[in-house]
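Structure file protein-v1.tsv with TSV, C-alpha atoms:
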chain	number	residue	atom	x	y	z
D	1	MET	CA	5.99	-0.26	-15.95
D	2	THR	CA	4.49	2.40	-13.70
D	3	LEU	CA	3.70	1.10	-10.27
D	4	ILE	CA	3.83	4.10	-7.99
D	5	THR	CA	0.46	5.79	-7.73
D	6	GLY	CA	0.47	7.12	-4.15
D	7	THR	CA	1.71	10.47	-3.05
D	8	GLU	CA	5.31	11.33	-2.22
D	9	LYS	CA	4.16	12.09	1.30
D	10	GLN	CA	2.96	8.49	1.68
D	11	LEU	CA	6.34	7.25	0.49
D	12	GLU	CA	8.21	9.47	2.92
D	13	GLU	CA	6.00	8.80	5.94
D	14	GLY	CA	5.51	5.10	5.56
D	15	ALA	CA	6.76	3.02	2.69
D	16	ARG	CA	5.23	-0.10	4.23
D	17	ASP	CA	1.80	1.54	4.40
D	18	TYR	CA	2.22	2.78	0.85
D	19	TRP	CA	3.01	-0.69	-0.50
D	20	THR	CA	0.21	-2.26	1.52
D	21	ILE	CA	-2.25	0.18	-0.03
D	22	GLU	CA	-0.81	-0.56	-3.48
D	23	ALA	CA	-1.38	-4.29	-2.93
D	24	MET	CA	-4.93	-3.68	-1.73
D	25	GLU	CA	-5.67	-1.61	-4.81
D	26	LYS	CA	-4.13	-4.08	-7.23
D	27	TYR	CA	-5.27	-7.41	-5.79
D	28	GLY	CA	-8.25	-6.71	-3.54
D	29	GLY	CA	-11.92	-7.14	-4.21
D	30	SER	CA	-14.25	-4.17	-4.42
D	31	PHE	CA	-14.42	-3.65	-0.64
D	32	VAL	CA	-10.66	-3.88	-0.15
D	33	LYS	CA	-10.12	-1.51	-3.07
D	34	ALA	CA	-12.50	0.94	-1.38
D	35	LEU	CA	-10.47	0.62	1.82
D	36	ALA	CA	-7.32	1.34	-0.19
D	37	GLU	CA	-8.88	4.50	-1.58
D	38	ALA	CA	-9.96	5.58	1.91
D	39	ALA	CA	-6.45	4.85	3.22
D	40	ARG	CA	-4.92	6.98	0.46
D	41	ARG	CA	-7.10	9.91	1.50
D	42	ALA	CA	-6.75	9.40	5.25
D	43	ASP	CA	-4.66	11.44	7.60
D	44	ARG	CA	-2.43	9.51	10.03
D	45	GLN	CA	-5.13	9.20	12.69
D	46	ASN	CA	-7.75	7.85	10.29
D	47	LEU	CA	-5.23	5.55	8.63
D	48	GLU	CA	-4.57	4.01	12.03
D	49	LYS	CA	-8.31	3.48	12.47
D	50	ILE	CA	-8.47	1.66	9.13
D	51	LYS	CA	-5.46	-0.48	10.05
D	52	THR	CA	-6.86	-1.49	13.44
D	53	THR	CA	-10.47	-1.98	12.34
D	54	TRP	CA	-9.61	-4.19	9.37
D	55	VAL	CA	-6.42	-5.74	10.75
D	56	GLU	CA	-6.98	-9.04	8.91
D	57	TYR	CA	-7.08	-7.31	5.54
D	58	TRP	CA	-4.20	-5.04	6.43
D	59	THR	CA	-1.98	-7.94	7.53
D	60	GLU	CA	-2.81	-9.98	4.44
D	61	TYR	CA	-2.04	-7.19	1.99
D	62	GLU	CA	0.98	-5.96	3.93
D	63	LYS	CA	2.74	-9.23	3.04
D	64	THR	CA	1.88	-8.79	-0.63
D	65	GLY	CA	2.94	-5.16	-0.46
D	66	CYS	CA	6.37	-6.18	0.83
D	67	GLU	CA	6.72	-8.55	-2.13
D	68	MET	CA	5.71	-5.78	-4.54
D	69	GLU	CA	8.27	-3.42	-3.00
D	70	GLU	CA	11.05	-6.00	-3.31
D	71	LYS	CA	10.15	-6.62	-6.94
D	72	TYR	CA	10.05	-2.90	-7.69
D	73	GLU	CA	13.42	-2.31	-6.06
D	74	SER	CA	15.08	-5.22	-7.85
D	75	GLU	CA	13.72	-4.02	-11.22
D	76	ASN	CA	15.04	-0.52	-10.58
D	77	LYS	CA	18.48	-1.80	-9.62
D	78	ARG	CA	18.70	-3.71	-12.91
D	79	SER	CA	17.70	-0.68	-14.96
D	80	LYS	CA	20.40	1.57	-13.47
Target format structure tokens, applied to this file:
Amino acid sequence: MTLITGTEKQLEEGARDYWTIEAMEKYGGSFVKALAEAARRADRQNLEKIKTTWVEYWTEYEKTGCEMEEKYESENKRSK
């Protein structure tokens, strides 16, 4: 199962943002998926604009992203 599709830089700079974007991409509608794509391409300043402009979406998918991260980590621990 391949889950990680963001860049290493996103992982290093903000795992929570990374997993939020993953959740948006996987579970969002067309608009939220477009926001996820924009967030992937954004520099830090523009990412903050996305997060503050669409705070309701960001908060909703941040929770799901945390769940995805926990699942990913538990699966990797079992496979080691």
Handout entry: Straight-line distance linking atom CA of Trp19 of chain D with atom CA of Cys66 of chain D, stated in Å to one decimal
Key =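 Answer for the atom CA of Trp19 of chain D to atom CA of Cys66 of chain D separation: 6.6 Å.
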Exercise for the section: Can you pull out every residue within 12 Å of Thr59 of chain D, counting only C-alpha atoms, but drop anything in the same chain fewer than 4 positions away, and send it as a ChimeraX atom specification? Expected result: /D:16-17,19-21,23-24,50-55,63-66
Could you dump the residues just selected with C-alpha atoms as an mmCIF file, keeping the file's coordinate frame?
data_model
loop_
_atom_site.group_PDB
_atom_site.id
_atom_site.type_symbol
_atom_site.label_atom_id
_atom_site.label_comp_id
_atom_site.auth_asym_id
_atom_site.auth_seq_id
_atom_site.Cartn_x
_atom_site.Cartn_y
_atom_site.Cartn_z
ATOM 1 C CA ARG D 16 5.230 -0.100 4.230
ATOM 2 C CA ASP D 17 1.800 1.540 4.400
ATOM 3 C CA TRP D 19 3.010 -0.690 -0.500
ATOM 4 C CA THR D 20 0.210 -2.260 1.520
ATOM 5 C CA ILE D 21 -2.250 0.180 -0.030
ATOM 6 C CA ALA D 23 -1.380 -4.290 -2.930
ATOM 7 C CA MET D 24 -4.930 -3.680 -1.730
ATOM 8 C CA ILE D 50 -8.470 1.660 9.130
ATOM 9 C CA LYS D 51 -5.460 -0.480 10.050
ATOM 10 C CA THR D 52 -6.860 -1.490 13.440
ATOM 11 C CA THR D 53 -10.470 -1.980 12.340
ATOM 12 C CA TRP D 54 -9.610 -4.190 9.370
ATOM 13 C CA VAL D 55 -6.420 -5.740 10.750
ATOM 14 C CA LYS D 63 2.740 -9.230 3.040
ATOM 15 C CA THR D 64 1.880 -8.790 -0.630
ATOM 16 C CA GLY D 65 2.940 -5.160 -0.460
ATOM 17 C CA CYS D 66 6.370 -6.180 0.830
#
Problem - Nearest to Glu37 of chain D, chosen from D:Gly14, D:Glu22, D:Lys49, D:Arg78, with all atoms listed in the file counted in the distances - result: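 The shortest atom-to-atom distance to Glu37 of chain D comes from D:Glu22.
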Completion exercise
Between atom CA of Lys71 of chain D and atom CA of Ala34 of chain D lies a distance of 24.5 Å
What would segment 57-77 of chain D look like with N, CA and C atoms restored, written as a PDB file, in the frame of the given file?
ATOM      1  N   TYR D  57      -7.382  -7.755   6.904  1.00  0.00           N
ATOM      2  CA  TYR D  57      -7.080  -7.310   5.540  1.00  0.00           C
ATOM      3  C   TYR D  57      -5.708  -6.655   5.488  1.00  0.00           C
ATOM      4  N   TRP D  58      -5.455  -5.781   6.451  1.00  0.00           N
ATOM      5  CA  TRP D  58      -4.200  -5.040   6.430  1.00  0.00           C
ATOM      6  C   TRP D  58      -3.007  -5.985   6.493  1.00  0.00           C
ATOM      7  N   THR D  59      -3.072  -6.978   7.379  1.00  0.00           N
ATOM      8  CA  THR D  59      -1.980  -7.940   7.530  1.00  0.00           C
ATOM      9  C   THR D  59      -1.785  -8.749   6.254  1.00  0.00           C
ATOM     10  N   GLU D  60      -2.881  -9.195   5.674  1.00  0.00           N
ATOM     11  CA  GLU D  60      -2.810  -9.980   4.440  1.00  0.00           C
ATOM     12  C   GLU D  60      -2.139  -9.200   3.308  1.00  0.00           C
ATOM     13  N   TYR D  61      -2.570  -7.976   3.107  1.00  0.00           N
ATOM     14  CA  TYR D  61      -2.040  -7.190   1.990  1.00  0.00           C
ATOM     15  C   TYR D  61      -0.691  -6.561   2.299  1.00  0.00           C
ATOM     16  N   GLU D  62      -0.353  -6.449   3.562  1.00  0.00           N
ATOM     17  CA  GLU D  62       0.980  -5.960   3.930  1.00  0.00           C
ATOM     18  C   GLU D  62       2.048  -6.928   3.423  1.00  0.00           C
ATOM     19  N   LYS D  63       1.793  -8.224   3.542  1.00  0.00           N
ATOM     20  CA  LYS D  63       2.740  -9.230   3.040  1.00  0.00           C
ATOM     21  C   LYS D  63       2.919  -9.089   1.527  1.00  0.00           C
ATOM     22  N   THR D  64       1.815  -8.958   0.831  1.00  0.00           N
ATOM     23  CA  THR D  64       1.880  -8.790  -0.630  1.00  0.00           C
ATOM     24  C   THR D  64       2.561  -7.481  -0.989  1.00  0.00           C
ATOM     25  N   GLY D  65       2.301  -6.444  -0.225  1.00  0.00           N
ATOM     26  CA  GLY D  65       2.940  -5.160  -0.460  1.00  0.00           C
ATOM     27  C   GLY D  65       4.451  -5.235  -0.322  1.00  0.00           C
ATOM     28  N   CYS D  66       4.923  -5.998   0.663  1.00  0.00           N
ATOM     29  CA  CYS D  66       6.370  -6.180   0.830  1.00  0.00           C
ATOM     30  C   CYS D  66       6.971  -6.870  -0.398  1.00  0.00           C
ATOM     31  N   GLU D  67       6.258  -7.853  -0.924  1.00  0.00           N
ATOM     32  CA  GLU D  67       6.720  -8.550  -2.130  1.00  0.00           C
ATOM     33  C   GLU D  67       6.749  -7.600  -3.329  1.00  0.00           C
ATOM     34  N   MET D  68       5.739  -6.748  -3.444  1.00  0.00           N
ATOM     35  CA  MET D  68       5.710  -5.780  -4.540  1.00  0.00           C
ATOM     36  C   MET D  68       6.868  -4.797  -4.423  1.00  0.00           C
ATOM     37  N   GLU D  69       7.165  -4.357  -3.210  1.00  0.00           N
ATOM     38  CA  GLU D  69       8.270  -3.420  -3.000  1.00  0.00           C
ATOM     39  C   GLU D  69       9.602  -4.064  -3.386  1.00  0.00           C
ATOM     40  N   GLU D  70       9.809  -5.294  -2.970  1.00  0.00           N
ATOM     41  CA  GLU D  70      11.050  -6.000  -3.310  1.00  0.00           C
ATOM     42  C   GLU D  70      11.198  -6.138  -4.819  1.00  0.00           C
ATOM     43  N   LYS D  71      10.116  -6.482  -5.487  1.00  0.00           N
ATOM     44  CA  LYS D  71      10.150  -6.620  -6.940  1.00  0.00           C
ATOM     45  C   LYS D  71      10.463  -5.279  -7.604  1.00  0.00           C
ATOM     46  N   TYR D  72       9.822  -4.238  -7.140  1.00  0.00           N
ATOM     47  CA  TYR D  72      10.050  -2.900  -7.690  1.00  0.00           C
ATOM     48  C   TYR D  72      11.502  -2.479  -7.519  1.00  0.00           C
ATOM     49  N   GLU D  73      12.036  -2.696  -6.318  1.00  0.00           N
ATOM     50  CA  GLU D  73      13.420  -2.310  -6.060  1.00  0.00           C
ATOM     51  C   GLU D  73      14.411  -3.116  -6.893  1.00  0.00           C
ATOM     52  N   SER D  74      14.156  -4.402  -7.058  1.00  0.00           N
ATOM     53  CA  SER D  74      15.080  -5.220  -7.850  1.00  0.00           C
ATOM     54  C   SER D  74      15.020  -4.815  -9.329  1.00  0.00           C
ATOM     55  N   GLU D  75      13.852  -4.464  -9.822  1.00  0.00           N
ATOM     56  CA  GLU D  75      13.720  -4.020 -11.220  1.00  0.00           C
ATOM     57  C   GLU D  75      14.440  -2.691 -11.431  1.00  0.00           C
ATOM     58  N   ASN D  76      14.362  -1.809 -10.452  1.00  0.00           N
ATOM     59  CA  ASN D  76      15.040  -0.520 -10.580  1.00  0.00           C
ATOM     60  C   ASN D  76      16.550  -0.647 -10.491  1.00  0.00           C
ATOM     61  N   LYS D  77      17.041  -1.584  -9.706  1.00  0.00           N
ATOM     62  CA  LYS D  77      18.480  -1.800  -9.620  1.00  0.00           C
ATOM     63  C   LYS D  77      19.032  -2.294 -10.947  1.00  0.00           C
TER      64      LYS D  77
END
